[in-house]
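Q: Dropping in work09.cif, which is mmCIF, C-alpha atoms and all ligand atoms:
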data_my_file
loop_
_atom_site.group_PDB
_atom_site.id
_atom_site.type_symbol
_atom_site.label_atom_id
_atom_site.label_comp_id
_atom_site.auth_asym_id
_atom_site.auth_seq_id
_atom_site.Cartn_x
_atom_site.Cartn_y
_atom_site.Cartn_z
ATOM 1 C CA MET A 1344 -10.884 58.561 -45.516
ATOM 2 C CA TYR A 1345 -7.949 57.130 -43.576
ATOM 3 C CA THR A 1346 -4.540 58.752 -43.203
ATOM 4 C CA LEU A 1347 -1.587 56.412 -42.853
ATOM 5 C CA TYR A 1348 1.749 57.624 -41.533
ATOM 6 C CA TYR A 1349 4.242 55.218 -43.010
ATOM 7 C CA SER A 1350 7.824 54.681 -44.042
ATOM 8 C CA PRO A 1351 8.750 52.376 -46.946
ATOM 9 C CA GLY A 1352 9.388 48.740 -46.059
ATOM 10 C CA THR A 1353 8.691 49.138 -42.333
ATOM 11 C CA ALA A 1354 5.982 47.973 -39.911
ATOM 12 C CA SER A 1355 3.522 50.202 -41.753
ATOM 13 C CA MET A 1356 3.640 47.844 -44.759
ATOM 14 C CA VAL A 1357 0.973 45.512 -43.474
ATOM 15 C CA VAL A 1358 -1.447 48.374 -42.853
ATOM 16 C CA HIS A 1359 -0.711 49.926 -46.223
ATOM 17 C CA GLN A 1360 -1.235 46.608 -48.012
ATOM 18 C CA ALA A 1361 -4.461 46.002 -46.076
ATOM 19 C CA LEU A 1362 -5.777 49.413 -47.210
ATOM 20 C CA ILE A 1363 -4.928 48.494 -50.815
ATOM 21 C CA GLU A 1364 -6.572 45.061 -50.492
ATOM 22 C CA ILE A 1365 -9.700 46.671 -49.052
ATOM 23 C CA GLY A 1366 -9.717 49.439 -51.636
ATOM 24 C CA ALA A 1367 -10.378 51.960 -48.875
ATOM 25 C CA PRO A 1368 -9.674 55.616 -49.745
ATOM 26 C CA HIS A 1369 -6.603 56.760 -47.863
ATOM 27 C CA ARG A 1370 -4.016 59.501 -47.747
ATOM 28 C CA LEU A 1371 -0.350 58.685 -47.169
ATOM 29 C CA GLU A 1372 2.091 60.726 -45.084
ATOM 30 C CA CYS A 1373 5.703 59.592 -45.299
ATOM 31 C CA VAL A 1374 7.634 59.848 -42.020
ATOM 32 C CA ASP A 1375 11.372 60.363 -42.398
ATOM 33 C CA LEU A 1376 12.769 57.888 -39.877
ATOM 34 C CA SER A 1377 16.329 59.040 -40.547
ATOM 35 C CA LYS A 1378 15.550 62.278 -38.708
ATOM 36 C CA LYS A 1379 15.951 62.040 -34.945
ATOM 37 C CA GLU A 1380 13.590 64.969 -34.407
ATOM 38 C CA ARG A 1381 10.036 63.878 -35.161
ATOM 39 C CA GLY A 1382 8.479 67.101 -33.776
ATOM 40 C CA ASP A 1383 4.732 67.217 -34.259
ATOM 41 C CA TYR A 1384 4.540 63.538 -35.188
ATOM 42 C CA LEU A 1385 5.196 62.642 -31.533
ATOM 43 C CA ARG A 1386 1.779 64.036 -30.729
ATOM 44 C CA LEU A 1387 0.250 61.328 -32.912
ATOM 45 C CA ASN A 1388 2.640 58.557 -31.947
ATOM 46 C CA PRO A 1389 4.566 59.264 -28.710
ATOM 47 C CA ARG A 1390 7.274 56.729 -29.626
ATOM 48 C CA GLY A 1391 7.795 58.383 -33.006
ATOM 49 C CA GLN A 1392 7.316 55.038 -34.729
ATOM 50 C CA VAL A 1393 5.351 54.024 -37.791
ATOM 51 C CA PRO A 1394 2.641 53.072 -38.464
ATOM 52 C CA THR A 1395 0.036 55.510 -37.220
ATOM 53 C CA LEU A 1396 -3.440 55.394 -38.724
ATOM 54 C CA ILE A 1397 -5.848 58.301 -38.377
ATOM 55 C CA ILE A 1398 -9.464 57.232 -38.229
ATOM 56 C CA ASP A 1399 -12.117 59.926 -37.896
ATOM 57 C CA GLY A 1400 -9.521 62.352 -36.551
ATOM 58 C CA THR A 1401 -8.083 60.006 -33.918
ATOM 59 C CA ALA A 1402 -4.601 58.455 -34.140
ATOM 60 C CA TYR A 1403 -4.164 54.720 -33.555
ATOM 61 C CA VAL A 1404 -0.916 52.758 -33.462
ATOM 62 C CA GLU A 1405 0.463 49.184 -33.521
ATOM 63 C CA SER A 1406 0.552 47.411 -36.854
ATOM 64 C CA ALA A 1407 -1.220 44.197 -35.818
ATOM 65 C CA ALA A 1408 -3.997 46.118 -34.052
ATOM 66 C CA LEU A 1409 -4.476 48.329 -37.108
ATOM 67 C CA LEU A 1410 -4.685 45.270 -39.348
ATOM 68 C CA MET A 1411 -7.387 43.748 -37.132
ATOM 69 C CA LEU A 1412 -9.253 47.034 -36.917
ATOM 70 C CA LEU A 1413 -9.289 47.462 -40.708
ATOM 71 C CA ALA A 1414 -10.349 43.849 -41.226
ATOM 72 C CA GLU A 1415 -13.261 44.330 -38.826
ATOM 73 C CA ARG A 1416 -14.307 47.678 -40.293
ATOM 74 C CA HIS A 1417 -14.356 46.213 -43.816
ATOM 75 C CA PRO A 1418 -15.719 42.671 -43.496
ATOM 76 C CA GLU A 1419 -16.487 42.557 -47.224
ATOM 77 C CA ALA A 1420 -12.718 42.472 -47.954
ATOM 78 C CA ARG A 1421 -12.523 39.099 -46.148
ATOM 79 C CA LEU A 1422 -9.234 39.860 -44.428
ATOM 80 C CA ALA A 1423 -10.751 38.134 -41.386
ATOM 81 C CA PRO A 1424 -12.930 35.023 -41.294
ATOM 82 C CA LEU A 1425 -16.524 35.785 -40.313
ATOM 83 C CA ALA A 1426 -17.037 36.252 -36.575
ATOM 84 C CA ASP A 1427 -18.961 32.980 -36.250
ATOM 85 C CA SER A 1428 -16.450 30.954 -38.282
ATOM 86 C CA PRO A 1429 -14.276 28.471 -36.387
ATOM 87 C CA LEU A 1430 -11.334 30.013 -38.257
ATOM 88 C CA ARG A 1431 -11.813 33.287 -36.413
ATOM 89 C CA ALA A 1432 -10.052 31.873 -33.331
ATOM 90 C CA SER A 1433 -7.085 30.821 -35.471
ATOM 91 C CA TRP A 1434 -7.020 34.288 -37.009
ATOM 92 C CA TYR A 1435 -6.602 35.900 -33.565
ATOM 93 C CA GLN A 1436 -4.152 33.227 -32.517
ATOM 94 C CA TRP A 1437 -1.799 33.618 -35.479
ATOM 95 C CA ILE A 1438 -1.896 37.407 -35.470
ATOM 96 C CA ALA A 1439 -0.980 37.336 -31.772
ATOM 97 C CA PHE A 1440 1.668 34.683 -32.371
ATOM 98 C CA LEU A 1441 3.361 36.582 -35.190
ATOM 99 C CA THR A 1442 3.236 39.968 -33.544
ATOM 100 C CA ASN A 1443 4.420 38.661 -30.150
ATOM 101 C CA SER A 1444 7.096 36.243 -31.182
ATOM 102 C CA LEU A 1445 8.491 37.994 -34.236
ATOM 103 C CA GLY A 1446 7.655 41.702 -33.813
ATOM 104 C CA PRO A 1447 9.745 42.546 -30.718
ATOM 105 C CA THR A 1448 12.575 40.169 -31.653
ATOM 106 C CA TYR A 1449 12.946 41.713 -35.093
ATOM 107 C CA ARG A 1450 12.796 45.124 -33.432
ATOM 108 C CA PHE A 1451 15.767 44.179 -31.191
ATOM 109 C CA TRP A 1452 17.593 42.670 -34.177
ATOM 110 C CA PHE A 1453 17.296 45.859 -36.227
ATOM 111 C CA TYR A 1454 17.553 48.350 -33.332
ATOM 112 C CA PRO A 1455 20.444 47.244 -31.083
ATOM 113 C CA LEU A 1456 20.194 50.596 -29.279
ATOM 114 C CA ASP A 1457 16.885 49.393 -27.802
ATOM 115 C CA LEU A 1458 19.067 46.949 -25.853
ATOM 116 C CA GLY A 1459 21.642 49.588 -25.068
ATOM 117 C CA SER A 1460 24.470 49.025 -27.539
ATOM 118 C CA ALA A 1461 25.316 50.319 -31.000
ATOM 119 C CA GLU A 1462 25.987 46.752 -32.123
ATOM 120 C CA HIS A 1463 24.855 43.509 -30.508
ATOM 121 C CA PRO A 1464 27.457 41.412 -28.728
ATOM 122 C CA PRO A 1465 27.746 38.066 -30.628
ATOM 123 C CA LEU A 1466 25.824 36.100 -27.964
ATOM 124 C CA VAL A 1467 22.846 38.470 -28.077
ATOM 125 C CA ARG A 1468 22.849 38.453 -31.861
ATOM 126 C CA GLU A 1469 22.871 34.663 -31.832
ATOM 127 C CA ALA A 1470 20.045 34.517 -29.283
ATOM 128 C CA LEU A 1471 17.873 36.879 -31.325
ATOM 129 C CA ARG A 1472 18.599 34.964 -34.495
ATOM 130 C CA ASN A 1473 17.664 31.689 -32.780
ATOM 131 C CA ARG A 1474 14.378 33.106 -31.523
ATOM 132 C CA ILE A 1475 13.415 34.399 -34.957
ATOM 133 C CA GLU A 1476 14.345 31.127 -36.638
ATOM 134 C CA ALA A 1477 12.490 29.071 -34.004
ATOM 135 C CA ALA A 1478 9.327 31.079 -34.661
ATOM 136 C CA TRP A 1479 9.680 30.602 -38.419
ATOM 137 C CA SER A 1480 10.276 26.865 -37.974
ATOM 138 C CA GLN A 1481 7.012 26.661 -36.058
ATOM 139 C CA VAL A 1482 5.158 28.519 -38.818
ATOM 140 C CA ASP A 1483 6.757 26.321 -41.482
ATOM 141 C CA ALA A 1484 5.608 23.163 -39.662
ATOM 142 C CA HIS A 1485 2.124 24.663 -39.284
ATOM 143 C CA LEU A 1486 1.956 25.400 -43.016
ATOM 144 C CA ALA A 1487 3.136 21.879 -43.887
ATOM 145 C CA ALA A 1488 0.224 20.464 -41.873
ATOM 146 C CA HIS A 1489 -2.460 23.099 -42.437
ATOM 147 C CA GLY A 1490 -1.406 25.331 -45.389
ATOM 148 C CA PRO A 1491 -1.117 26.599 -47.985
ATOM 149 C CA TYR A 1492 -2.217 29.860 -46.283
ATOM 150 C CA MET A 1493 -1.887 30.602 -42.575
ATOM 151 C CA LEU A 1494 -5.557 29.725 -42.058
ATOM 152 C CA GLY A 1495 -5.598 26.840 -44.508
ATOM 153 C CA ALA A 1496 -7.343 27.066 -47.857
ATOM 154 C CA GLU A 1497 -8.272 30.752 -47.664
ATOM 155 C CA PHE A 1498 -6.089 33.846 -47.843
ATOM 156 C CA SER A 1499 -6.545 36.259 -44.907
ATOM 157 C CA GLY A 1500 -4.986 39.272 -43.200
ATOM 158 C CA VAL A 1501 -2.711 36.941 -41.221
ATOM 159 C CA ASP A 1502 -0.902 36.244 -44.474
ATOM 160 C CA LEU A 1503 -0.270 39.971 -44.942
ATOM 161 C CA LEU A 1504 1.304 40.188 -41.498
ATOM 162 C CA ALA A 1505 3.375 37.063 -42.162
ATOM 163 C CA LEU A 1506 4.497 38.469 -45.515
ATOM 164 C CA MET A 1507 5.814 41.695 -43.971
ATOM 165 C CA TYR A 1508 7.749 39.762 -41.332
ATOM 166 C CA MET A 1509 8.993 37.295 -43.948
ATOM 167 C CA ARG A 1510 10.389 40.148 -46.020
ATOM 168 C CA TRP A 1511 12.387 41.435 -43.072
ATOM 169 C CA SER A 1512 14.381 38.193 -42.987
ATOM 170 C CA ARG A 1513 15.751 38.721 -46.488
ATOM 171 C CA ASN A 1514 19.220 39.879 -45.399
ATOM 172 C CA MET A 1515 19.393 37.744 -42.262
ATOM 173 C CA PRO A 1516 21.656 34.689 -41.956
ATOM 174 C CA LYS A 1517 18.687 32.409 -42.740
ATOM 175 C CA PRO A 1518 16.029 34.111 -44.890
ATOM 176 C CA VAL A 1519 12.573 32.545 -44.779
ATOM 177 C CA THR A 1520 12.952 31.364 -48.368
ATOM 178 C CA GLU A 1521 15.197 28.625 -46.967
ATOM 179 C CA TRP A 1522 12.179 26.928 -45.336
ATOM 180 C CA PRO A 1523 10.167 25.048 -47.987
ATOM 181 C CA GLU A 1524 6.648 25.924 -46.871
ATOM 182 C CA LEU A 1525 7.485 29.530 -46.025
ATOM 183 C CA LYS A 1526 9.021 29.935 -49.451
ATOM 184 C CA LYS A 1527 5.850 28.593 -51.072
ATOM 185 C CA LEU A 1528 3.721 30.987 -49.045
ATOM 186 C CA ALA A 1529 5.993 33.954 -49.810
ATOM 187 C CA ASP A 1530 5.997 33.137 -53.530
ATOM 188 C CA ARG A 1531 2.228 32.822 -53.575
ATOM 189 C CA LEU A 1532 1.643 36.080 -51.674
ATOM 190 C CA ARG A 1533 4.171 38.041 -53.719
ATOM 191 C CA GLN A 1534 1.960 37.419 -56.737
ATOM 192 C CA ARG A 1535 -0.862 39.471 -55.259
ATOM 193 C CA SER A 1536 -1.621 42.705 -57.050
ATOM 194 C CA SER A 1537 -1.744 44.532 -53.691
ATOM 195 C CA TRP A 1538 1.907 43.576 -53.093
ATOM 196 C CA LYS A 1539 2.941 44.842 -56.518
ATOM 197 C CA ARG A 1540 1.018 48.081 -55.972
ATOM 198 C CA LEU A 1541 2.579 48.499 -52.523
ATOM 199 C CA TYR A 1542 6.035 48.152 -54.081
ATOM 200 C CA GLU A 1543 5.252 50.785 -56.702
ATOM 201 C CA ILE A 1544 3.901 53.276 -54.186
ATOM 202 C CA GLU A 1545 6.598 52.743 -51.556
ATOM 203 C CA GLY A 1546 9.352 52.621 -54.196
ATOM 204 C CA LEU A 1547 10.584 49.211 -53.034
ATOM 205 C CA THR A 1548 12.664 46.842 -55.148
ATOM 206 C CA GLU A 1549 14.306 44.140 -52.999
ATOM 207 C CA TRP A 1550 12.461 40.837 -52.492
ATOM 208 C CA ALA A 1551 9.719 41.792 -54.945
ATOM 209 C CA GLU A 1552 9.004 38.250 -56.130
HETATM 210 N N1 LIG B 1 5.137 47.403 -32.361
HETATM 211 C C1 LIG B 1 5.178 48.446 -33.355
HETATM 212 C C2 LIG B 1 6.613 48.591 -33.827
HETATM 213 C C3 LIG B 1 6.752 49.754 -34.774
HETATM 214 C C4 LIG B 1 8.211 49.983 -35.156
HETATM 215 O O1 LIG B 1 9.141 49.501 -34.516
HETATM 216 N N2 LIG B 1 8.374 50.744 -36.247
HETATM 217 C C5 LIG B 1 9.713 51.068 -36.700
HETATM 218 C C6 LIG B 1 9.855 50.810 -38.191
HETATM 219 S S1 LIG B 1 9.709 49.092 -38.577
HETATM 220 C C7 LIG B 1 9.995 52.525 -36.461
HETATM 221 O O2 LIG B 1 9.111 53.347 -36.494
HETATM 222 N N3 LIG B 1 11.264 52.850 -36.240
HETATM 223 C C8 LIG B 1 11.732 54.168 -36.019
HETATM 224 C C9 LIG B 1 12.115 54.405 -34.590
HETATM 225 O O3 LIG B 1 11.889 53.558 -33.730
HETATM 226 O O4 LIG B 1 12.671 55.470 -34.333
HETATM 227 C C10 LIG B 1 4.229 48.082 -34.506
HETATM 228 O O5 LIG B 1 4.162 46.901 -34.868
HETATM 229 O O6 LIG B 1 3.552 48.970 -35.028
#
Before anything else, please render the file you have as structure tokens.
Ligand SMILES: N[C@@H](CCC(=O)N[C@@H](CS)C(=O)NCC(=O)O)C(=O)O
A:
Amino acid sequence: MYTLYYSPGTASMVVHQALIEIGAPHRLECVDLSKKERGDYLRLNPRGQVPTLIIDGTAYVESAALLMLLAERHPEARLAPLADSPLRASWYQWIAFLTNSLGPTYRFWFYPLDLGSAEHPPLVREALRNRIEAAWSQVDAHLAAHGPYMLGAEFSGVDLLALMYMRWSRNMPKPVTEWPELKKLADRLRQRSSWKRLYEIEGLTEWAE
């Protein structure tokens, strides 16, 4: 039994959706991110962020790491290509690419205080926007050549990570649905029953399909 500390629509989404895809029994604990004081939760996650996943009594953090861990613990769910498949290298590569190039940049976009100001100066905002869009352009070109999924013909956990990050662009100046291949991937993934279930449980509405 896993316990996932989550907050709707945040970086915990990918872990939550992976648990649903796997069908692994899990308990959910909602963390109220609007409260500055996170008290006891800081003992599980010293930065007070979500997600945190409890496995056998130990707390683990970082969404991409938790996705990989779950994929490896439940190989039958096929969220990762088999270890001896040539696609396994691409799986690591794209998870690292997405989490490195999009994760921190989105974080700065949504949390200007991380960079020291309540609101970004226009030049910083523009720079962050450019970095996010450059990463999405690269993914769009990759999908055009090697799609329809991130690893080609087969769905995998990389698509779940991409889907979470894609959703976060929905109110940005250029949402991912403005890139043709990203839109196709988003539309395809938003049809998955795990996505619909995630929306029900987390009480989400925007960008459902
Ligand atoms: N690198 C972390 C980032 C986690 C993160 O930034 N989570 C946000 C929600 S998307 C959060 O907990 N924000 C509340 C806060 O920082 O106080 C991961 O991918 O797990």
Q: Translate the PyMOL selection byres (((not hetatm)) within 8 of (chain B and resi 1)) into a concrete residue list for this structure, as a ChimeraX atom specification.
A: /A:1350,1352-1355,1376,1379,1390-1395,1404-1407,1442,1446-1447,1450,1454
Q: Go ahead and fit an axis-aligned box to every listed atom of range 1364-1377 of chain A plus 6 Å each side, and pass me the centre and edge lengths in Å, one decimal, as JSON.
A:
{"center_x": 3.0, "center_y": 52.9, "center_z": -45.8, "size_x": 38.7, "size_y": 27.7, "size_z": 23.8}
Q: Convert the output of the PyMOL selection byres (((chain A and resi 1364-1374) around 6) and not hetatm) on the shown file into explicit residues, formatted as a PyMOL selection string.
A: chain A and resi 1344-1350+1361-1363+1375-1376+1420+1537
Q: Using all atoms listed in the file, which residue out of A:Trp1511, A:Arg1381, A:Tyr1435, A:Arg1540 lies closest to Ala1408 in chain A?
A: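 Closest to Ala1408 in chain A, using all atoms listed in the file: A:Tyr1435.
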Q: From the options A:Asp1502, A:Glu1476, A:Glu1524, A:Asp1530, which residue's atoms come nearest to Leu1410 in chain A, counting all atoms listed in the file?
A: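 The shortest atom-to-atom distance to Leu1410 in chain A comes from A:Asp1502.
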Q: So how many Å separate CA of Gly1490 in chain A and CA of Arg1531 in chain A, to one decimal?
A: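 Straight-line distance from CA of Gly1490 in chain A to CA of Arg1531 in chain A works out to 11.7 Å.
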